[in-house]
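One structure is given below, encoded as structure tokens.
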2 protein chains.
Amino acid sequence: MDFIEVVNKRMSIRAFDKEKNKKISDEVILELLELAIKAPSAGNLQSWEFIIVKDQETKNRLARAALNQRFVAEGSHLIVACANQELSATVYGNRGWDLYSIQDVTAAIMILLLGVTNIGLGACWVGAFREPEVREILGIPQGVKPVALIPIGYPKKVAEKSPPRKNLKYKLHFEKY
Amino acid sequence: MDFIEVVNKRMSIRAFDKEKNKKISDEVILELLELAIKAPSAGNLQSWEFIIVKDQETKNRLARAALNQRFVAEGSHLIVACANQELSATVYGNRGWDLYSIQDVTAAIMILLLGVTNIGLGACWVGAFREPEVREILGIPQGVKPVALIPIGYPKKVAEKSPPRKNLKYKLHFEKY
């Protein structure tokens, strides 16, 4: 699909088609992640990690940890995107821990979401979850921070619309803040 | 351009064509930013801000603050992407300040970089800079954090190649970390 069209079409999908979801193979998800890791990263450290969750009971537990957002469990695959803070900090110290590792994985997430749209699937970037609970469910060690839960599946309905953006001029400054 | 092609072609450009740069209008940059803000954001707060710098002396000062990376001053436009931490924190507290605001602007940056590639321009995401110095040069207040300096211009040579990625399998986990 044309790049501009993909950007315009992408939106948060919060309802998935359970039947159609069965057609989504692991290969499709892996290809999306291969694309995602073409994102740039600080010092090319690639301080991202991804946990692919398919087990329904684990997805249910993660949905509960995500403040009971039920749709989190309803994709075919749930990607848990993590920042490897320790990895980036080995080279960049605090700036790697607090900033670069978060940015690395976030850049990859953005490509992932666009890639999902490009092949007619839907996804939602869920940032609202109880981090200690997600860590516990998935056995994520200190030094690695889960930053997003991303259910992927066939969109059930596309009646949803992207929320409006504030006019760019309110976010812009020229030459100085 | 096709989405996949854009993702594959995007790379960090660190040398710009000064002559050709003159052809890049402000409108082109504004269109790129309009595209960038189609990124999702936590609670649709859109906690991103952008400073567009064209003044050569300001660009030079920012390049010095960026650990003397000379090319930072050599695009036609230098975008300083900022996280409005205060805005996100008003709704989400610490998680907004530390995480969501950084993610919001980073997602927008990723679309910006792809958008630049899509129209045959080049850019580089520069994260290595002395933050207090950048704040001082641009008058950025507390509560707003500059996270990236992004020079945009015509690529001088495309002999550069994207650095290799680690095999995805080293970044992947199935069902558990």
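Each chain in the structure tokens gets a letter, A, B and so on, in the order shown; residues start at 1 in every chain, and ligands are counted from 1 in the order they appear.
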Mind dumping a table of every chain B residue within 7 Å of chain A, with the nearest atom pair and its distance in Å to one decimal, using only C-alpha atoms, sorted by chain and rising number, as CSV?
```
residue,atom,partner,partner_atom,distance
B:Met1,CA,A:Asp2,CA,5.7
B:Asp2,CA,A:Asp2,CA,4.5
B:Phe3,CA,A:Phe3,CA,4.1
B:Val7,CA,A:Lys38,CA,6.9
B:Glu34,CA,A:Leu168,CA,6.7
B:Lys38,CA,A:Val7,CA,6.9
B:Asn44,CA,A:Pro163,CA,7.0
B:Trp48,CA,A:Lys171,CA,6.9
B:Glu49,CA,A:Lys171,CA,4.7
B:Phe50,CA,A:Leu172,CA,5.1
B:Ile51,CA,A:His173,CA,4.6
B:Ile52,CA,A:Phe174,CA,5.0
B:Val53,CA,A:Glu175,CA,4.5
B:Lys54,CA,A:Glu175,CA,6.7
B:Asp55,CA,A:Glu175,CA,6.9
B:Gln103,CA,A:Thr106,CA,6.0
B:Thr106,CA,A:Gln103,CA,6.0
B:Ala107,CA,A:Met110,CA,5.5
B:Met110,CA,A:Ala107,CA,5.5
B:Leu138,CA,A:Lys176,CA,4.7
B:Gly139,CA,A:Tyr177,CA,5.6
B:Ile140,CA,A:Tyr177,CA,5.5
B:Pro163,CA,A:Asn44,CA,7.0
B:Leu168,CA,A:Glu34,CA,6.7
B:Lys171,CA,A:Glu49,CA,4.7
B:Leu172,CA,A:Phe50,CA,5.1
B:His173,CA,A:Ile51,CA,4.6
B:Phe174,CA,A:Ile52,CA,5.0
B:Glu175,CA,A:Val53,CA,4.5
B:Lys176,CA,A:Leu138,CA,4.7
B:Tyr177,CA,A:Ile140,CA,5.5
```
(request) Please give the complete set of residues from chain A that DSSP, run on the backbone, assigns to strand (DSSP E), formatted as a PyMOL selection string. (result) chain A and resi 48-53+77-84+122-123+144-153+172-174
(request) Quick one: everything within 9 Å of range 149-153 of chain A, counting only C-alpha atoms, minus sequence neighbours fewer than 6 positions away in the same chain. Send it as a ChimeraX atom specification. (result) /A:13-18,20-22,24,29,62-63,66,71-81,109,113,116,121-129
Would you mind exporting C-alpha atoms of the selected residues as a CSV table (one decimal), in the first residue's frame?
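Ended up saving to selection00.csv:
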```csv
chain,number,residue,atom,x,y,z
A,13,ILE,CA,-8.4,-1.2,16.6
A,14,ARG,CA,-10.1,-2.4,19.7
A,15,ALA,CA,-12.4,-5.1,18.4
A,16,PHE,CA,-11.2,-8.2,16.6
A,17,ASP,CA,-12.8,-11.0,14.5
A,18,LYS,CA,-12.2,-14.2,16.4
A,20,LYS,CA,-10.8,-14.6,10.9
A,21,ASN,CA,-8.0,-14.3,13.5
A,22,LYS,CA,-7.4,-18.0,13.1
A,24,ILE,CA,-3.1,-15.2,11.1
A,29,ILE,CA,3.7,-11.8,12.8
A,62,LEU,CA,-2.5,-9.6,30.6
A,63,ALA,CA,-5.8,-8.0,29.7
A,66,ALA,CA,-4.2,-3.8,31.5
A,71,PHE,CA,-9.9,-6.5,23.8
A,72,VAL,CA,-6.2,-6.8,24.8
A,73,ALA,CA,-6.9,-10.6,24.9
A,74,GLU,CA,-8.8,-10.8,21.7
A,75,GLY,CA,-6.2,-10.5,19.0
A,76,SER,CA,-4.6,-13.6,17.6
A,77,HIS,CA,-1.2,-12.6,18.8
A,78,LEU,CA,-0.4,-10.2,21.6
A,79,ILE,CA,3.0,-8.5,21.3
A,80,VAL,CA,4.6,-7.3,24.5
A,81,ALA,CA,7.1,-4.7,23.5
A,109,ILE,CA,6.4,-0.2,17.6
A,113,LEU,CA,1.6,-0.6,13.8
A,116,VAL,CA,-0.1,-4.1,10.5
A,121,LEU,CA,-4.9,-6.2,10.0
A,122,GLY,CA,-5.5,-4.1,13.1
A,123,ALA,CA,-3.7,-3.4,16.3
A,124,CYS,CA,-3.8,-1.2,19.3
A,125,TRP,CA,-1.0,0.3,21.3
A,126,VAL,CA,-1.9,-0.2,25.0
A,127,GLY,CA,0.3,1.6,27.4
A,128,ALA,CA,-2.1,1.6,30.4
A,129,PHE,CA,-1.2,-1.5,32.5
```
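The interatomic distance for the pair CA of Thr117 in chain A and CA of Asn60 in chain A works out to 24.2 Å.
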Write out as an mmCIF file with N, CA, C and O atoms, in the first residue's frame the set of residues from range 8-148 of chain A that DSSP, computed on the backbone, places in helix (DSSP H, G or I).
```cif
data_model
loop_
_atom_site.group_PDB
_atom_site.id
_atom_site.type_symbol
_atom_site.label_atom_id
_atom_site.label_comp_id
_atom_site.auth_asym_id
_atom_site.auth_seq_id
_atom_site.Cartn_x
_atom_site.Cartn_y
_atom_site.Cartn_z
ATOM 1 N N ASN A 8 -2.396 7.276 6.892
ATOM 2 C CA ASN A 8 -3.751 7.810 7.061
ATOM 3 C C ASN A 8 -4.756 6.760 7.533
ATOM 4 O O ASN A 8 -5.701 7.094 8.245
ATOM 5 N N LYS A 9 -4.538 5.532 7.121
ATOM 6 C CA LYS A 9 -5.484 4.471 7.493
ATOM 7 C C LYS A 9 -5.267 3.930 8.905
ATOM 8 O O LYS A 9 -6.171 3.383 9.512
ATOM 9 N N LYS A 18 -12.748 -12.944 15.841
ATOM 10 C CA LYS A 18 -12.171 -14.181 16.384
ATOM 11 C C LYS A 18 -12.000 -15.260 15.319
ATOM 12 O O LYS A 18 -10.996 -15.978 15.309
ATOM 13 N N GLU A 19 -13.001 -15.400 14.457
ATOM 14 C CA GLU A 19 -12.942 -16.440 13.429
ATOM 15 C C GLU A 19 -11.814 -16.156 12.434
ATOM 16 O O GLU A 19 -10.976 -17.009 12.172
ATOM 17 N N LYS A 20 -11.823 -14.953 11.908
ATOM 18 C CA LYS A 20 -10.800 -14.592 10.913
ATOM 19 C C LYS A 20 -9.393 -14.603 11.512
ATOM 20 O O LYS A 20 -8.405 -14.883 10.834
ATOM 21 N N ASN A 21 -9.326 -14.291 12.806
ATOM 22 C CA ASN A 21 -8.018 -14.279 13.479
ATOM 23 C C ASN A 21 -7.260 -15.593 13.309
ATOM 24 O O ASN A 21 -6.026 -15.608 13.282
ATOM 25 N N ASP A 26 1.959 -17.423 12.519
ATOM 26 C CA ASP A 26 3.119 -16.860 13.211
ATOM 27 C C ASP A 26 4.054 -16.171 12.219
ATOM 28 O O ASP A 26 4.691 -15.168 12.550
ATOM 29 N N GLU A 27 4.128 -16.722 11.000
ATOM 30 C CA GLU A 27 5.036 -16.156 9.996
ATOM 31 C C GLU A 27 4.688 -14.690 9.707
ATOM 32 O O GLU A 27 5.575 -13.857 9.532
ATOM 33 N N VAL A 28 3.396 -14.420 9.634
ATOM 34 C CA VAL A 28 2.955 -13.052 9.368
ATOM 35 C C VAL A 28 3.450 -12.115 10.477
ATOM 36 O O VAL A 28 3.961 -11.021 10.222
ATOM 37 N N ILE A 29 3.323 -12.576 11.697
ATOM 38 C CA ILE A 29 3.745 -11.757 12.845
ATOM 39 C C ILE A 29 5.267 -11.566 12.828
ATOM 40 O O ILE A 29 5.773 -10.463 13.091
ATOM 41 N N LEU A 30 5.975 -12.627 12.495
ATOM 42 C CA LEU A 30 7.437 -12.517 12.445
ATOM 43 C C LEU A 30 7.880 -11.549 11.351
ATOM 44 O O LEU A 30 8.819 -10.774 11.531
ATOM 45 N N GLU A 31 7.184 -11.599 10.212
ATOM 46 C CA GLU A 31 7.519 -10.655 9.132
ATOM 47 C C GLU A 31 7.288 -9.213 9.571
ATOM 48 O O GLU A 31 8.053 -8.317 9.225
ATOM 49 N N LEU A 32 6.209 -9.005 10.327
ATOM 50 C CA LEU A 32 5.937 -7.650 10.831
ATOM 51 C C LEU A 32 7.047 -7.194 11.772
ATOM 52 O O LEU A 32 7.485 -6.037 11.734
ATOM 53 N N LEU A 33 7.521 -8.104 12.593
ATOM 54 C CA LEU A 33 8.590 -7.730 13.532
ATOM 55 C C LEU A 33 9.921 -7.525 12.801
ATOM 56 O O LEU A 33 10.714 -6.657 13.181
ATOM 57 N N GLU A 34 10.139 -8.291 11.745
ATOM 58 C CA GLU A 34 11.349 -8.078 10.932
ATOM 59 C C GLU A 34 11.356 -6.665 10.352
ATOM 60 O O GLU A 34 12.391 -6.010 10.252
ATOM 61 N N LEU A 35 10.172 -6.216 9.985
ATOM 62 C CA LEU A 35 10.033 -4.870 9.447
ATOM 63 C C LEU A 35 10.254 -3.840 10.564
ATOM 64 O O LEU A 35 10.956 -2.836 10.386
ATOM 65 N N ALA A 36 9.660 -4.132 11.705
ATOM 66 C CA ALA A 36 9.733 -3.199 12.843
ATOM 67 C C ALA A 36 11.174 -2.905 13.248
ATOM 68 O O ALA A 36 11.514 -1.767 13.598
ATOM 69 N N ALA A 42 19.581 4.005 19.051
ATOM 70 C CA ALA A 42 20.762 4.737 19.531
ATOM 71 C C ALA A 42 21.979 3.818 19.486
ATOM 72 O O ALA A 42 21.974 2.730 20.071
ATOM 73 N N GLY A 43 22.994 4.257 18.776
ATOM 74 C CA GLY A 43 24.224 3.479 18.661
ATOM 75 C C GLY A 43 23.995 2.111 18.027
ATOM 76 O O GLY A 43 24.801 1.206 18.210
ATOM 77 N N ASN A 44 22.900 1.972 17.304
ATOM 78 C CA ASN A 44 22.492 0.689 16.703
ATOM 79 C C ASN A 44 22.456 -0.448 17.736
ATOM 80 O O ASN A 44 22.683 -1.601 17.422
ATOM 81 N N GLN A 56 -4.188 -18.309 25.406
ATOM 82 C CA GLN A 56 -5.360 -17.498 25.756
ATOM 83 C C GLN A 56 -5.379 -17.125 27.235
ATOM 84 O O GLN A 56 -5.733 -15.989 27.593
ATOM 85 N N GLU A 57 -4.996 -18.049 28.093
ATOM 86 C CA GLU A 57 -5.042 -17.739 29.525
ATOM 87 C C GLU A 57 -4.031 -16.636 29.857
ATOM 88 O O GLU A 57 -4.333 -15.721 30.639
ATOM 89 N N THR A 58 -2.857 -16.691 29.248
ATOM 90 C CA THR A 58 -1.874 -15.619 29.483
ATOM 91 C C THR A 58 -2.402 -14.290 28.946
ATOM 92 O O THR A 58 -2.272 -13.244 29.597
ATOM 93 N N LYS A 59 -3.026 -14.328 27.781
ATOM 94 C CA LYS A 59 -3.601 -13.090 27.229
ATOM 95 C C LYS A 59 -4.689 -12.540 28.158
ATOM 96 O O LYS A 59 -4.759 -11.326 28.386
ATOM 97 N N ASN A 60 -5.493 -13.434 28.703
ATOM 98 C CA ASN A 60 -6.531 -12.976 29.632
ATOM 99 C C ASN A 60 -5.927 -12.291 30.861
ATOM 100 O O ASN A 60 -6.411 -11.250 31.315
ATOM 101 N N ARG A 61 -4.878 -12.906 31.383
ATOM 102 C CA ARG A 61 -4.242 -12.310 32.567
ATOM 103 C C ARG A 61 -3.650 -10.948 32.228
ATOM 104 O O ARG A 61 -3.732 -10.006 33.014
ATOM 105 N N LEU A 62 -3.058 -10.845 31.038
ATOM 106 C CA LEU A 62 -2.467 -9.562 30.632
ATOM 107 C C LEU A 62 -3.559 -8.513 30.436
ATOM 108 O O LEU A 62 -3.375 -7.334 30.774
ATOM 109 N N ALA A 63 -4.714 -8.934 29.915
ATOM 110 C CA ALA A 63 -5.829 -7.993 29.733
ATOM 111 C C ALA A 63 -6.300 -7.460 31.095
ATOM 112 O O ALA A 63 -6.621 -6.279 31.242
ATOM 113 N N ARG A 64 -6.303 -8.347 32.085
ATOM 114 C CA ARG A 64 -6.688 -7.887 33.429
ATOM 115 C C ARG A 64 -5.652 -6.907 33.969
ATOM 116 O O ARG A 64 -6.005 -5.884 34.578
ATOM 117 N N ALA A 65 -4.368 -7.217 33.735
ATOM 118 C CA ALA A 65 -3.305 -6.304 34.187
ATOM 119 C C ALA A 65 -3.399 -4.961 33.456
ATOM 120 O O ALA A 65 -2.954 -3.929 33.951
ATOM 121 N N ARG A 70 -10.601 -5.606 27.933
ATOM 122 C CA ARG A 70 -10.885 -6.951 27.445
ATOM 123 C C ARG A 70 -10.270 -7.233 26.056
ATOM 124 O O ARG A 70 -9.781 -8.329 25.782
ATOM 125 N N PHE A 71 -10.321 -6.226 25.186
ATOM 126 C CA PHE A 71 -9.857 -6.455 23.804
ATOM 127 C C PHE A 71 -8.369 -6.812 23.735
ATOM 128 O O PHE A 71 -7.914 -7.365 22.733
ATOM 129 N N VAL A 72 -7.640 -6.511 24.780
ATOM 130 C CA VAL A 72 -6.205 -6.836 24.803
ATOM 131 C C VAL A 72 -5.998 -8.342 24.609
ATOM 132 O O VAL A 72 -5.003 -8.787 24.038
ATOM 133 N N ALA A 73 -6.984 -9.136 25.041
ATOM 134 C CA ALA A 73 -6.870 -10.598 24.949
ATOM 135 C C ALA A 73 -7.468 -11.144 23.668
ATOM 136 O O ALA A 73 -7.472 -12.348 23.448
ATOM 137 N N GLN A 85 16.544 -1.672 28.925
ATOM 138 C CA GLN A 85 17.193 -0.487 29.505
ATOM 139 C C GLN A 85 18.638 -0.774 29.872
ATOM 140 O O GLN A 85 19.518 0.070 29.728
ATOM 141 N N GLU A 86 18.863 -1.980 30.367
ATOM 142 C CA GLU A 86 20.207 -2.353 30.802
ATOM 143 C C GLU A 86 21.184 -2.332 29.629
ATOM 144 O O GLU A 86 22.308 -1.836 29.757
ATOM 145 N N LEU A 87 20.730 -2.846 28.496
ATOM 146 C CA LEU A 87 21.577 -2.884 27.300
ATOM 147 C C LEU A 87 22.006 -1.475 26.894
ATOM 148 O O LEU A 87 23.193 -1.206 26.680
ATOM 149 N N SER A 88 21.051 -0.567 26.805
ATOM 150 C CA SER A 88 21.384 0.782 26.372
ATOM 151 C C SER A 88 22.218 1.505 27.432
ATOM 152 O O SER A 88 23.100 2.304 27.109
ATOM 153 N N ALA A 89 21.961 1.189 28.698
ATOM 154 C CA ALA A 89 22.695 1.844 29.788
ATOM 155 C C ALA A 89 24.158 1.411 29.842
ATOM 156 O O ALA A 89 25.011 2.168 30.306
ATOM 157 N N THR A 90 24.470 0.225 29.343
ATOM 158 C CA THR A 90 25.868 -0.222 29.360
ATOM 159 C C THR A 90 26.734 0.730 28.546
ATOM 160 O O THR A 90 27.899 0.929 28.841
ATOM 161 N N VAL A 91 26.145 1.331 27.517
ATOM 162 C CA VAL A 91 26.903 2.267 26.684
ATOM 163 C C VAL A 91 26.602 3.722 27.068
ATOM 164 O O VAL A 91 27.507 4.544 27.132
ATOM 165 N N TYR A 92 25.347 4.015 27.360
ATOM 166 C CA TYR A 92 24.931 5.414 27.505
ATOM 167 C C TYR A 92 24.515 5.813 28.918
ATOM 168 O O TYR A 92 24.005 6.924 29.104
ATOM 169 N N GLY A 93 24.684 4.943 29.895
ATOM 170 C CA GLY A 93 24.329 5.299 31.277
ATOM 171 C C GLY A 93 22.859 5.648 31.424
ATOM 172 O O GLY A 93 22.006 5.038 30.770
ATOM 173 N N ASN A 94 22.587 6.644 32.257
ATOM 174 C CA ASN A 94 21.193 7.015 32.538
ATOM 175 C C ASN A 94 20.411 7.395 31.297
ATOM 176 O O ASN A 94 19.220 7.129 31.199
ATOM 177 N N ARG A 95 21.093 8.064 30.368
ATOM 178 C CA ARG A 95 20.386 8.500 29.156
ATOM 179 C C ARG A 95 19.928 7.288 28.342
ATOM 180 O O ARG A 95 18.871 7.309 27.715
ATOM 181 N N GLY A 96 20.701 6.232 28.381
ATOM 182 C CA GLY A 96 20.303 4.996 27.717
ATOM 183 C C GLY A 96 19.133 4.336 28.431
ATOM 184 O O GLY A 96 18.192 3.861 27.800
ATOM 185 N N TRP A 97 19.215 4.330 29.759
ATOM 186 C CA TRP A 97 18.167 3.697 30.576
ATOM 187 C C TRP A 97 16.826 4.422 30.446
ATOM 188 O O TRP A 97 15.788 3.804 30.208
ATOM 189 N N ASP A 98 16.875 5.750 30.628
ATOM 190 C CA ASP A 98 15.630 6.541 30.701
ATOM 191 C C ASP A 98 15.062 6.921 29.337
ATOM 192 O O ASP A 98 13.863 7.112 29.201
ATOM 193 N N LEU A 99 15.947 7.124 28.380
ATOM 194 C CA LEU A 99 15.494 7.734 27.130
ATOM 195 C C LEU A 99 15.713 6.838 25.903
ATOM 196 O O LEU A 99 14.752 6.440 25.242
ATOM 197 N N TYR A 100 16.978 6.528 25.614
ATOM 198 C CA TYR A 100 17.254 5.855 24.339
ATOM 199 C C TYR A 100 16.547 4.500 24.225
ATOM 200 O O TYR A 100 16.013 4.158 23.162
ATOM 201 N N SER A 101 16.569 3.717 25.295
ATOM 202 C CA SER A 101 15.955 2.381 25.189
ATOM 203 C C SER A 101 14.447 2.494 24.963
ATOM 204 O O SER A 101 13.868 1.719 24.191
ATOM 205 N N ILE A 102 13.831 3.483 25.602
ATOM 206 C CA ILE A 102 12.391 3.714 25.402
ATOM 207 C C ILE A 102 12.148 4.140 23.953
ATOM 208 O O ILE A 102 11.202 3.677 23.300
ATOM 209 N N GLN A 103 13.005 5.013 23.455
ATOM 210 C CA GLN A 103 12.845 5.500 22.079
ATOM 211 C C GLN A 103 13.074 4.377 21.068
ATOM 212 O O GLN A 103 12.337 4.267 20.086
ATOM 213 N N ASP A 104 14.090 3.564 21.302
ATOM 214 C CA ASP A 104 14.379 2.467 20.362
ATOM 215 C C ASP A 104 13.140 1.602 20.158
ATOM 216 O O ASP A 104 12.701 1.363 19.021
ATOM 217 N N VAL A 105 12.586 1.134 21.247
ATOM 218 C CA VAL A 105 11.455 0.203 21.117
ATOM 219 C C VAL A 105 10.220 0.931 20.589
ATOM 220 O O VAL A 105 9.435 0.368 19.818
ATOM 221 N N THR A 106 10.060 2.186 20.957
ATOM 222 C CA THR A 106 8.887 2.938 20.490
ATOM 223 C C THR A 106 8.938 3.156 18.977
ATOM 224 O O THR A 106 7.915 3.056 18.289
ATOM 225 N N ALA A 107 10.109 3.437 18.463
ATOM 226 C CA ALA A 107 10.255 3.603 17.010
ATOM 227 C C ALA A 107 9.871 2.296 16.301
ATOM 228 O O ALA A 107 9.163 2.300 15.290
ATOM 229 N N ALA A 108 10.325 1.178 16.865
ATOM 230 C CA ALA A 108 9.987 -0.127 16.275
ATOM 231 C C ALA A 108 8.477 -0.382 16.352
ATOM 232 O O ALA A 108 7.877 -0.899 15.403
ATOM 233 N N ILE A 109 7.867 -0.011 17.468
ATOM 234 C CA ILE A 109 6.407 -0.179 17.624
ATOM 235 C C ILE A 109 5.669 0.597 16.538
ATOM 236 O O ILE A 109 4.710 0.103 15.947
ATOM 237 N N MET A 110 6.128 1.810 16.277
ATOM 238 C CA MET A 110 5.421 2.638 15.292
ATOM 239 C C MET A 110 5.448 1.976 13.921
ATOM 240 O O MET A 110 4.439 1.941 13.221
ATOM 241 N N ILE A 111 6.607 1.427 13.537
ATOM 242 C CA ILE A 111 6.672 0.720 12.247
ATOM 243 C C ILE A 111 5.785 -0.526 12.282
ATOM 244 O O ILE A 111 5.092 -0.837 11.312
ATOM 245 N N LEU A 112 5.790 -1.219 13.400
ATOM 246 C CA LEU A 112 4.936 -2.410 13.544
ATOM 247 C C LEU A 112 3.472 -2.057 13.294
ATOM 248 O O LEU A 112 2.771 -2.745 12.535
ATOM 249 N N LEU A 113 3.006 -0.973 13.911
ATOM 250 C CA LEU A 113 1.599 -0.585 13.765
ATOM 251 C C LEU A 113 1.266 -0.226 12.317
ATOM 252 O O LEU A 113 0.203 -0.572 11.801
ATOM 253 N N LEU A 114 2.180 0.467 11.668
ATOM 254 C CA LEU A 114 1.967 0.798 10.254
ATOM 255 C C LEU A 114 1.996 -0.470 9.404
ATOM 256 O O LEU A 114 1.190 -0.634 8.478
ATOM 257 N N GLY A 115 2.905 -1.366 9.728
ATOM 258 C CA GLY A 115 3.014 -2.625 8.986
ATOM 259 C C GLY A 115 1.741 -3.452 9.098
ATOM 260 O O GLY A 115 1.306 -4.092 8.136
ATOM 261 N N VAL A 116 1.143 -3.449 10.272
ATOM 262 C CA VAL A 116 -0.125 -4.148 10.510
ATOM 263 C C VAL A 116 -1.211 -3.585 9.595
ATOM 264 O O VAL A 116 -1.944 -4.327 8.932
ATOM 265 N N THR A 117 -1.298 -2.270 9.549
ATOM 266 C CA THR A 117 -2.282 -1.607 8.685
ATOM 267 C C THR A 117 -2.036 -1.953 7.221
ATOM 268 O O THR A 117 -2.976 -2.202 6.462
ATOM 269 N N ASN A 118 -0.779 -1.981 6.847
ATOM 270 C CA ASN A 118 -0.390 -2.239 5.456
ATOM 271 C C ASN A 118 -0.912 -3.564 4.926
ATOM 272 O O ASN A 118 -1.152 -3.715 3.734
ATOM 273 N N GLU A 131 2.480 -2.367 35.565
ATOM 274 C CA GLU A 131 3.756 -2.940 35.131
ATOM 275 C C GLU A 131 4.216 -4.116 35.996
ATOM 276 O O GLU A 131 4.654 -5.138 35.436
ATOM 277 N N PRO A 132 4.133 -4.016 37.326
ATOM 278 C CA PRO A 132 4.614 -5.155 38.145
ATOM 279 C C PRO A 132 3.860 -6.446 37.821
ATOM 280 O O PRO A 132 4.453 -7.530 37.816
ATOM 281 N N GLU A 133 2.573 -6.314 37.544
ATOM 282 C CA GLU A 133 1.755 -7.486 37.237
ATOM 283 C C GLU A 133 2.171 -8.100 35.884
ATOM 284 O O GLU A 133 2.286 -9.326 35.763
ATOM 285 N N VAL A 134 2.405 -7.244 34.903
ATOM 286 C CA VAL A 134 2.849 -7.740 33.590
ATOM 287 C C VAL A 134 4.208 -8.415 33.718
ATOM 288 O O VAL A 134 4.453 -9.492 33.156
ATOM 289 N N ARG A 135 5.095 -7.795 34.493
ATOM 290 C CA ARG A 135 6.406 -8.410 34.742
ATOM 291 C C ARG A 135 6.274 -9.796 35.346
ATOM 292 O O ARG A 135 6.965 -10.738 34.953
ATOM 293 N N GLU A 136 5.371 -9.895 36.294
ATOM 294 C CA GLU A 136 5.213 -11.157 37.017
ATOM 295 C C GLU A 136 4.645 -12.238 36.095
ATOM 296 O O GLU A 136 5.144 -13.370 36.080
ATOM 297 N N ILE A 137 3.633 -11.879 35.323
ATOM 298 C CA ILE A 137 2.986 -12.843 34.423
ATOM 299 C C ILE A 137 3.987 -13.404 33.413
ATOM 300 O O ILE A 137 3.989 -14.591 33.104
ATOM 301 N N LEU A 138 4.870 -12.511 32.915
ATOM 302 C CA LEU A 138 5.752 -12.918 31.816
ATOM 303 C C LEU A 138 7.190 -13.201 32.249
ATOM 304 O O LEU A 138 8.024 -13.579 31.427
#
```
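For the pair CA of Ser25 in chain A and CA of Lys157 in chain A, the separation is 21.1 Å.
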